[in-house]
>>> print(open('start.txt').read())   # compact mmCIF, C-alpha atoms
# COMPACT_ATOMS: atom_id res chain seq x y z
CA MET I 1 225.85 90.47 245.28
CA MET I 2 222.66 91.45 247.08
CA ILE I 3 223.06 95.04 245.89
CA LEU I 4 223.44 93.86 242.28
CA PHE I 5 220.31 91.76 242.61
CA VAL I 6 218.30 94.72 243.96
CA VAL I 7 219.52 96.99 241.16
CA LEU I 8 218.58 94.38 238.58
CA LEU I 9 215.14 94.00 240.14
CA LEU I 10 214.59 97.77 240.05
CA LEU I 11 215.60 97.88 236.39
CA ILE I 12 213.10 95.13 235.55
CA LEU I 13 210.36 96.90 237.52
CA CYS I 14 211.04 100.24 235.81
CA SER I 15 211.04 98.55 232.43
CA TYR I 16 207.66 96.92 233.21
CA ILE I 17 206.15 100.23 234.36
CA TYR I 18 207.44 101.94 231.20
CA MET I 19 205.91 99.26 228.97
CA GLN I 20 202.56 99.57 230.76
CA LYS I 21 202.61 103.33 230.23
CA VAL I 22 203.33 102.82 226.53
CA LYS I 23 200.41 100.39 226.23
CA LEU I 24 198.10 102.77 228.10
CA SER I 25 199.16 105.66 225.87
CA LYS I 26 198.37 103.57 222.79
CA LYS I 27 194.91 102.70 224.18
CA ILE I 28 194.20 106.37 224.91
CA ALA I 29 195.33 107.28 221.42
CA LEU I 30 192.93 104.72 219.97
CA LEU I 31 190.04 105.94 222.12
CA GLN I 32 190.69 109.66 221.57
CA PRO I 33 188.90 109.92 218.18
CA MET I 34 185.87 108.17 219.68
CA VAL I 35 185.81 110.56 222.65
CA GLU I 36 186.13 113.59 220.39
CA SER I 37 183.42 112.23 218.10
CA VAL I 38 180.95 111.88 220.99
CA GLU I 39 181.78 115.33 222.33
CA ASN I 40 181.31 116.89 218.90
CA ILE I 41 177.92 115.34 218.16
CA ARG I 42 175.57 118.15 217.20
CA ASP I 43 172.43 116.04 217.45
CA LEU I 44 170.19 116.37 220.50
CA LEU I 45 170.17 113.06 222.38
CA TYR I 46 167.61 112.20 225.04
CA TYR I 47 165.99 109.49 227.13
CA CYS I 48 162.55 110.45 228.43
CA GLU I 49 160.32 108.48 230.78
CA THR I 50 156.62 108.65 229.83
CA TYR I 51 155.22 106.41 232.61
CA PRO I 52 154.60 106.58 235.53
CA GLU I 53 155.69 110.21 235.18
CA PHE I 54 156.97 112.36 232.34
CA LYS I 55 160.63 113.20 232.99
CA TYR I 56 164.04 113.16 231.35
CA HIS I 57 166.65 110.66 232.48
CA TYR I 58 169.06 112.22 229.99
CA LEU I 59 169.01 115.31 227.81
CA SER I 60 172.20 116.37 226.02
CA PRO I 61 173.58 119.89 226.57
CA THR I 62 173.39 120.40 222.79
CA ILE I 63 169.86 121.69 223.37
CA ASP I 64 171.35 124.97 224.62
CA ASP I 65 173.26 125.38 221.36
CA LEU I 66 170.19 124.60 219.25
CA LEU I 67 167.43 126.45 221.10
CA GLY I 68 169.24 128.89 223.34
CA PRO I 69 171.06 129.19 226.69
CA GLY I 70 169.18 127.87 229.70
CA THR I 71 166.97 125.49 227.71
CA LEU I 72 168.60 122.40 229.22
CA LYS I 73 168.08 123.59 232.80
CA SER I 74 164.46 124.61 232.20
CA HIS I 75 163.55 121.32 230.50
CA LEU I 76 165.17 119.15 233.16
CA HIS I 77 163.22 121.12 235.76
CA ASN I 78 159.99 121.03 233.76
CA PRO I 79 159.88 118.40 230.97
CA LYS I 80 156.56 119.79 229.74
CA ALA I 81 158.38 123.00 228.73
CA ILE I 82 158.88 121.41 225.31
CA TYR I 83 155.20 122.11 224.60
CA ASP I 84 155.88 125.83 224.99
CA LEU I 85 158.44 125.69 222.17
CA VAL I 86 156.78 123.41 219.64
CA HIS I 87 155.04 124.98 216.65
CA PRO I 88 151.23 125.04 217.10
CA GLU I 89 150.79 122.89 213.98
CA ASP I 90 153.11 120.22 215.45
CA TYR I 91 151.60 120.24 218.94
CA ALA I 92 149.25 117.31 218.30
CA LEU I 93 152.08 115.18 216.89
CA LEU I 94 154.18 115.81 220.00
CA GLU I 95 151.25 114.77 222.21
CA ALA I 96 150.75 111.62 220.13
CA LYS I 97 154.44 110.73 220.56
CA GLU I 98 154.15 111.15 224.34
CA ARG I 99 151.26 108.67 224.26
CA GLY I 100 153.20 106.31 221.98
CA GLU I 101 150.66 106.72 219.17
CA VAL I 102 153.05 107.47 216.30
CA ASP I 103 154.84 105.31 213.75
CA PHE I 104 158.26 104.98 215.36
CA THR I 105 159.66 103.26 212.26
CA GLN I 106 159.53 106.62 210.45
CA PRO I 107 161.36 109.86 211.30
CA LEU I 108 159.20 112.60 212.80
CA ARG I 109 159.45 116.26 211.87
CA PHE I 110 158.91 119.09 214.36
CA ARG I 111 159.43 122.83 214.49
CA PHE I 112 160.74 124.28 217.74
CA ARG I 113 161.18 127.96 218.63
CA ASN I 114 164.66 129.12 219.57
CA HIS I 115 165.56 132.03 221.87
CA HIS I 116 165.43 134.41 218.88
CA GLY I 117 161.76 133.55 218.31
CA GLU I 118 162.51 131.65 215.10
CA TYR I 119 161.00 128.21 214.46
CA LEU I 120 163.61 125.68 213.34
CA TRP I 121 162.91 122.34 211.66
CA PHE I 122 164.10 119.16 213.40
CA GLU I 123 163.93 115.52 212.37
CA GLU I 124 163.53 113.03 215.18
CA TYR I 125 164.53 109.37 215.20
CA ALA I 126 162.76 107.88 218.22
CA THR I 127 162.62 104.41 219.73
CA PRO I 128 159.89 103.43 222.19
CA VAL I 129 160.69 101.52 225.39
CA TYR I 130 158.21 98.95 226.69
CA GLU I 131 157.95 97.09 230.00
CA ASN I 132 155.44 94.26 230.26
CA GLY I 133 153.74 95.57 227.16
CA ARG I 134 153.35 99.11 228.52
CA TYR I 135 154.90 102.12 226.78
CA VAL I 136 157.09 103.60 229.54
CA ALA I 137 159.76 105.68 227.80
CA VAL I 138 161.10 106.98 224.53
CA GLN I 139 164.70 107.55 223.51
CA GLY I 140 166.28 108.99 220.42
CA LEU I 141 167.78 112.04 218.83
CA PHE I 142 166.74 115.29 217.19
CA ARG I 143 168.69 116.53 214.19
CA ASN I 144 168.60 120.12 212.96
CA ILE I 145 167.39 119.96 209.32
CA HIS I 146 166.23 123.57 209.01
CA GLU I 147 168.46 124.48 206.06
CA LYS I 148 167.54 121.23 204.30
CA VAL I 149 163.80 121.90 204.66
CA ILE I 150 164.17 125.50 203.49
CA LEU I 151 166.03 124.27 200.41
CA GLU I 152 163.37 121.61 199.76
CA GLU I 153 160.63 124.23 200.00
CA LYS I 154 162.53 126.57 197.70
CA LEU I 155 163.02 123.89 195.05
CA SER I 156 159.41 122.75 195.38
CA ASN I 157 158.20 126.32 195.05
CA GLN I 158 160.33 126.90 191.97
CA ALA I 159 158.79 123.82 190.33
CA ILE I 160 155.25 125.23 190.53
CA ARG I 161 155.93 128.96 190.04
CA ASP I 162 156.21 131.00 186.88
CA GLY I 163 159.71 132.43 186.58
CA LEU I 164 158.69 135.87 185.26
CA THR I 165 155.75 136.71 187.51
CA GLY I 166 155.98 134.49 190.57
CA VAL I 167 152.37 133.27 190.23
CA TYR I 168 151.64 129.59 189.65
CA ASN I 169 152.60 127.98 186.36
CA ARG I 170 150.64 125.82 183.91
CA GLN I 171 151.72 122.58 185.59
CA TYR I 172 150.32 123.62 188.96
CA PHE I 173 147.15 124.97 187.36
CA GLN I 174 146.57 121.61 185.70
CA GLN I 175 146.98 119.84 189.04
CA GLU I 176 144.43 122.15 190.67
CA LEU I 177 142.06 121.68 187.75
CA GLU I 178 142.15 117.92 188.24
CA LYS I 179 141.84 118.27 192.02
CA TYR I 180 138.67 120.35 191.92
CA ASP I 181 137.25 118.18 189.17
CA ALA I 182 137.06 115.41 191.79
CA LEU I 183 135.55 117.67 194.47
CA GLN I 184 132.18 119.29 194.95
CA GLU I 185 132.85 123.01 195.29
CA GLU I 186 131.08 126.15 194.15
CA MET I 187 133.43 127.27 191.40
CA MET I 188 134.36 130.26 189.27
CA ILE I 189 137.01 129.99 186.55
CA ALA I 190 138.33 132.96 184.59
CA VAL I 191 140.66 133.27 181.61
CA ILE I 192 142.44 136.63 181.25
CA ASP I 193 144.44 137.87 178.28
CA LEU I 194 146.23 141.20 177.90
CA ASP I 195 145.13 143.37 174.99
CA GLY I 196 147.61 145.09 172.70
CA LEU I 197 150.71 143.49 174.16
CA LYS I 198 152.20 142.90 170.72
CA GLU I 199 151.94 146.62 169.90
CA VAL I 200 153.59 147.48 173.22
CA ASN I 201 156.44 145.05 172.51
CA ASP I 202 156.89 146.41 168.98
CA THR I 203 156.82 150.04 170.14
CA TYR I 204 158.54 149.99 173.53
CA GLY I 205 160.36 146.65 173.52
CA HIS I 206 159.80 143.30 175.19
CA MET I 207 161.12 144.53 178.53
CA THR I 208 158.18 146.93 178.76
CA GLY I 209 155.85 144.11 177.75
CA ASP I 210 157.29 141.93 180.52
CA LEU I 211 156.70 144.74 183.02
CA MET I 212 153.04 144.85 181.97
CA ILE I 213 152.74 141.08 182.42
CA GLN I 214 154.34 141.33 185.87
CA ALA I 215 152.05 144.19 186.89
CA THR I 216 148.99 142.20 185.83
CA ALA I 217 150.16 139.15 187.80
CA GLN I 218 150.80 141.34 190.85
CA ALA I 219 147.30 142.83 190.66
CA LEU I 220 145.63 139.44 190.22
CA GLN I 221 147.56 138.07 193.19
CA GLN I 222 147.14 141.13 195.43
CA TYR I 223 143.34 141.05 195.42
CA ALA I 224 142.98 137.27 195.43
CA CYS I 225 141.59 135.59 198.53
CA GLU I 226 143.54 132.84 200.27
CA ASN I 227 142.24 129.87 198.27
CA THR I 228 142.38 131.56 194.84
CA VAL I 229 144.73 130.03 192.28
CA VAL I 230 146.34 132.58 189.97
CA ALA I 231 148.40 131.01 187.19
CA ARG I 232 150.17 132.17 184.05
CA ILE I 233 149.65 129.58 181.33
CA GLY I 234 150.97 131.48 178.32
CA GLY I 235 152.84 134.59 177.24
CA ASP I 236 150.17 137.07 178.34
CA GLU I 237 147.44 134.66 179.38
CA PHE I 238 146.35 134.00 182.96
CA VAL I 239 143.76 131.70 184.51
CA ILE I 240 141.99 132.10 187.83
CA ILE I 241 140.41 129.35 189.91
CA LYS I 242 138.17 130.77 192.64
CA PRO I 243 136.35 128.15 194.72
CA ASN I 244 133.38 129.25 196.84
CA CYS I 245 132.91 132.34 194.68
CA ASN I 246 129.91 133.68 192.72
CA TYR I 247 129.60 136.17 189.85
CA THR I 248 129.11 139.19 192.10
CA GLU I 249 132.22 138.47 194.14
CA PHE I 250 134.20 137.78 190.97
CA GLU I 251 133.11 141.06 189.35
CA GLN I 252 134.26 142.96 192.43
CA TYR I 253 137.60 141.18 192.25
CA ILE I 254 138.13 142.05 188.56
CA LYS I 255 137.05 145.65 189.20
CA LYS I 256 139.78 146.02 191.82
CA VAL I 257 142.34 144.53 189.45
CA HIS I 258 141.30 146.93 186.66
CA GLY I 259 141.56 149.89 189.04
CA TYR I 260 145.03 148.85 190.16
CA LEU I 261 146.30 148.45 186.60
CA SER I 262 144.78 151.71 185.32
CA ASN I 263 146.71 153.58 188.02
CA ILE I 264 149.93 152.02 186.77
CA HIS I 265 149.51 152.47 183.02
CA GLU I 266 146.45 153.22 180.94
CA GLN I 267 147.72 150.93 178.18
CA ILE I 268 147.27 147.80 180.30
CA GLN I 269 143.89 146.42 179.25
CA MET I 270 142.48 142.94 179.76
CA SER I 271 139.98 140.69 178.06
CA VAL I 272 138.26 138.54 180.65
CA GLY I 273 136.10 135.46 180.22
CA SER I 274 134.53 133.60 183.13
CA ALA I 275 132.34 130.60 183.87
CA TYR I 276 130.48 129.53 187.02
CA ALA I 277 129.13 126.25 188.39
CA PRO I 278 127.49 125.54 191.75
CA ASN I 279 129.32 122.19 191.77
CA SER I 280 132.79 121.64 190.32
CA TYR I 281 132.59 117.84 190.22
CA GLY I 282 133.36 116.69 186.66
CA LYS I 283 132.90 120.24 185.34
CA MET I 284 136.32 121.89 185.48
CA ASN I 285 137.37 121.37 181.85
CA GLU I 286 133.94 122.43 180.67
CA LEU I 287 134.17 125.62 182.75
CA LEU I 288 137.65 126.34 181.41
CA HIS I 289 136.46 125.96 177.81
CA GLU I 290 133.46 128.24 178.43
CA ALA I 291 135.64 130.91 180.06
CA ASP I 292 138.13 130.70 177.21
CA LEU I 293 135.39 131.25 174.60
CA GLN I 294 134.06 134.25 176.53
CA MET I 295 137.53 135.76 176.73
CA TYR I 296 138.05 135.52 172.96
CA GLU I 297 134.59 136.97 172.35
CA GLN I 298 135.44 139.97 174.54
CA LYS I 299 138.80 140.37 172.80
CA LYS I 300 137.02 140.43 169.45
CA GLN I 301 134.66 143.12 170.70
CA GLN I 302 137.58 145.18 172.04
CA LYS I 303 139.22 145.20 168.60
CA GLN I 304 136.03 146.49 167.01
CA LEU I 305 135.95 149.54 169.28
>>> encode(input="start.txt", output="structure tokens")
Amino acid sequence: MMILFVVLLLLILCSYIYMQKVKLSKKIALLQPMVESVENIRDLLYYCETYPEFKYHYLSPTIDDLLGPGTLKSHLHNPKAIYDLVHPEDYALLEAKERGEVDFTQPLRFRFRNHHGEYLWFEEYATPVYENGRYVAVQGLFRNIHEKVILEEKLSNQAIRDGLTGVYNRQYFQQELEKYDALQEEMMIAVIDLDGLKEVNDTYGHMTGDLMIQATAQALQQYACENTVVARIGGDEFVIIKPNCNYTEFEQYIKKVHGYLSNIHEQIQMSVGSAYAPNSYGKMNELLHEADLQMYEQKKQQKQL
């Protein structure tokens, strides 16, 4: 009887242990997706103390995948190493974040250099930590948005560029015209039109005419200084906005363009009209009209030759 009782007790105990294992297995199965999700997060998570000293309490190993092997170790050893990787134009923003002087309700964008020497775009979602009213830490995540930013820039660039030549289009030119009309800048505006393009199209075909337009755009862009706006506003018509430029500088610019084009094809000729003002404020449309009239006057004279 005693033996039967012991056997029965063992059976009950084994059954209980089995049921507990089944329950545990079910719990693990439920938790497994969560564990895998955390392990597969590609965002860079961190918790960084800013006071009384600047140091990381946590920095996810993902940083090695994003910026290169050894980055995690070097940053845990020296938290200021992040300043060696940030793009020079984003340096001040990073300093402001360390001081708590940014709008934490908005995402921040930084560029950091990876081990290949390439700057990648990141978007940061940061939350400040305060103790007794003092900013003592910041926590958050960095997300790699490099491909997104490149696509944004590409689409934005396409919206303001002429499809045939790559110089700015009429829409962008109009924006710049309005911008400088509200500023006070020394200003030179030029209107340029190709001569004899119709004859070239009729004789050699429109593809040859397009090549002439592209060559002209390339020349105008090649010799333009950094703040010059070169735009194609019609079939063979270009406009130039050159702030901080006088007649002498403009003549040298056009001379270089003429020389470049004559080396390509002697048939590429331009009629050029220009207008100058020591102050662009409220004068941009007037300058454009004056340059346009001069261009047509020169074109008329070219036909009489």
>>> residues_near_point(input="start.txt", point="(135.8, 126.4, 180.8)", cutoff="9 Å", atoms="only C-alpha atoms", output="JSON list (two decimals) with C-alpha atoms, in the coordinates of the input")
[["chain", "number", "residue", "atom", "x", "y", "z"],
["I", 189, "ILE", "CA", 137.01, 129.99, 186.55],
["I", 190, "ALA", "CA", 138.33, 132.96, 184.59],
["I", 191, "VAL", "CA", 140.66, 133.27, 181.61],
["I", 274, "SER", "CA", 134.53, 133.60, 183.13],
["I", 275, "ALA", "CA", 132.34, 130.60, 183.87],
["I", 276, "TYR", "CA", 130.48, 129.53, 187.02],
["I", 283, "LYS", "CA", 132.90, 120.24, 185.34],
["I", 284, "MET", "CA", 136.32, 121.89, 185.48],
["I", 285, "ASN", "CA", 137.37, 121.37, 181.85],
["I", 286, "GLU", "CA", 133.94, 122.43, 180.67],
["I", 287, "LEU", "CA", 134.17, 125.62, 182.75],
["I", 288, "LEU", "CA", 137.65, 126.34, 181.41],
["I", 289, "HIS", "CA", 136.46, 125.96, 177.81],
["I", 290, "GLU", "CA", 133.46, 128.24, 178.43],
["I", 291, "ALA", "CA", 135.64, 130.91, 180.06],
["I", 292, "ASP", "CA", 138.13, 130.70, 177.21],
["I", 293, "LEU", "CA", 135.39, 131.25, 174.60]]
>>> closest_atom_pairs(input="start.txt", of="range 111-215 of chain I", to="range 73-92 of chain I", cutoff="8 Å", atoms="only C-alpha atoms", output="CSV")
residue,atom,partner,partner_atom,distance
I:Arg111,CA,I:His87,CA,5.3
I:Phe112,CA,I:Val86,CA,4.5
I:Arg113,CA,I:Leu85,CA,5.0
I:Asn114,CA,I:Leu85,CA,7.6
I:Tyr119,CA,I:His87,CA,7.1
>>> closest_residue(input="start.txt", among="I:Asn144, I:Gly133, I:Thr127, I:Arg170", to="Asp65 in chain I", atoms="only C-alpha atoms")
I:Asn144
>>> closest_residue(input="start.txt", among="I:Glu147, I:Glu101, I:Glu124, I:Asp202", to="Tyr46 in chain I", atoms="all atoms listed in the file")
I:Glu124
>>> residues_around(input="start.txt", residues="Leu66 in chain I", least_positions_apart="6", cutoff="12 Å", atoms="only C-alpha atoms", output="VMD selection string")
chain I and resid 42 to 45 60 72 111 to 116 118 to 122 142 to 146
>>> closest_residue(input="start.txt", among="I:Glu176, I:Asp195, I:Glu297, I:Glu98", to="Gln139 in chain I", atoms="all atoms listed in the file")
I:Glu98
>>> atom_distance(input="start.txt", atom1="CA of Asp181 in chain I", atom2="CA of Gly282 in chain I")
4.9 Å
>>> atom_distance(input="start.txt", atom1="CA of Glu49 in chain I", atom2="CA of Asn132 in chain I")
15.0 Å
>>> closest_residue(input="start.txt", among="I:Lys255, I:Glu249, I:Pro243, I:Ile213", to="Asp162 in chain I", atoms="only C-alpha atoms")
I:Ile213
>>> closest_residue(input="start.txt", among="I:Gly166, I:Tyr180, I:Ala215, I:Asn263", to="Val230 in chain I", atoms="all atoms listed in the file")
I:Gly166
>>> atom_distance(input="start.txt", atom1="CA of Lys97 in chain I", atom2="CA of Glu152 in chain I")
25.1 Å
>>> decode(input="start.txt", residues="range 88-158 of chain I", atoms="C-alpha atoms", output="compact mmCIF listing (two decimals), in the first residue's frame")
# COMPACT_ATOMS: atom_id res chain seq x y z
CA PRO I 88 32.09 70.50 -39.46
CA GLU I 89 28.78 72.15 -40.40
CA ASP I 90 26.98 70.13 -37.69
CA TYR I 91 29.58 70.68 -34.97
CA ALA I 92 27.80 73.67 -33.41
CA LEU I 93 24.49 71.78 -33.26
CA LEU I 94 26.15 68.89 -31.43
CA GLU I 95 27.66 71.32 -28.91
CA ALA I 96 24.27 72.96 -28.40
CA LYS I 97 22.71 69.55 -27.72
CA GLU I 98 25.38 68.79 -25.11
CA ARG I 99 24.44 72.05 -23.39
CA GLY I 100 20.73 71.28 -23.69
CA GLU I 101 20.14 74.30 -25.93
CA VAL I 102 18.20 72.61 -28.74
CA ASP I 103 14.51 72.00 -29.37
CA PHE I 104 14.14 68.43 -28.13
CA THR I 105 10.57 68.24 -29.45
CA GLN I 106 11.97 68.12 -32.99
CA PRO I 107 14.27 65.51 -34.56
CA LEU I 108 17.86 66.61 -35.09
CA ARG I 109 19.90 65.85 -38.19
CA PHE I 110 23.64 65.16 -38.12
CA ARG I 111 26.28 63.86 -40.48
CA PHE I 112 28.88 61.50 -39.04
CA ARG I 113 31.97 60.11 -40.79
CA ASN I 114 32.27 56.33 -41.03
CA HIS I 115 35.49 54.31 -41.25
CA HIS I 116 35.47 54.69 -45.05
CA GLY I 117 35.67 58.48 -44.71
CA GLU I 118 32.10 58.97 -45.94
CA TYR I 119 29.69 61.27 -44.10
CA LEU I 120 26.33 59.60 -43.45
CA TRP I 121 23.10 61.38 -42.50
CA PHE I 122 21.45 60.47 -39.19
CA GLU I 123 18.22 61.64 -37.59
CA GLU I 124 18.23 61.83 -33.82
CA TYR I 125 15.25 61.63 -31.48
CA ALA I 126 16.55 62.85 -28.12
CA THR I 127 14.97 63.33 -24.71
CA PRO I 128 16.61 65.50 -22.05
CA VAL I 129 16.89 64.33 -18.44
CA TYR I 130 16.59 66.88 -15.63
CA GLU I 131 17.31 66.68 -11.90
CA ASN I 132 16.21 69.57 -9.71
CA GLY I 133 15.83 71.69 -12.81
CA ARG I 134 19.37 70.98 -14.06
CA TYR I 135 20.02 69.33 -17.43
CA VAL I 136 22.07 66.26 -16.44
CA ALA I 137 21.68 63.75 -19.26
CA VAL I 138 20.23 63.03 -22.67
CA GLN I 139 18.88 59.76 -24.01
CA GLY I 140 17.56 58.74 -27.38
CA LEU I 141 18.35 57.09 -30.66
CA PHE I 142 20.07 57.82 -33.95
CA ARG I 143 18.54 56.47 -37.15
CA ASN I 144 20.45 56.13 -40.41
CA ILE I 145 18.52 58.21 -42.99
CA HIS I 146 21.34 58.65 -45.51
CA GLU I 147 19.51 57.08 -48.46
CA LYS I 148 16.36 59.07 -47.62
CA VAL I 149 18.27 62.38 -47.57
CA ILE I 150 20.08 61.58 -50.82
CA LEU I 151 16.73 60.85 -52.47
CA GLU I 152 15.24 64.07 -51.06
CA GLU I 153 18.18 66.07 -52.43
CA LYS I 154 17.89 64.36 -55.80
CA LEU I 155 14.17 65.11 -56.10
CA SER I 156 14.69 68.68 -54.89
CA ASN I 157 17.49 69.18 -57.39
CA GLN I 158 15.37 67.81 -60.23
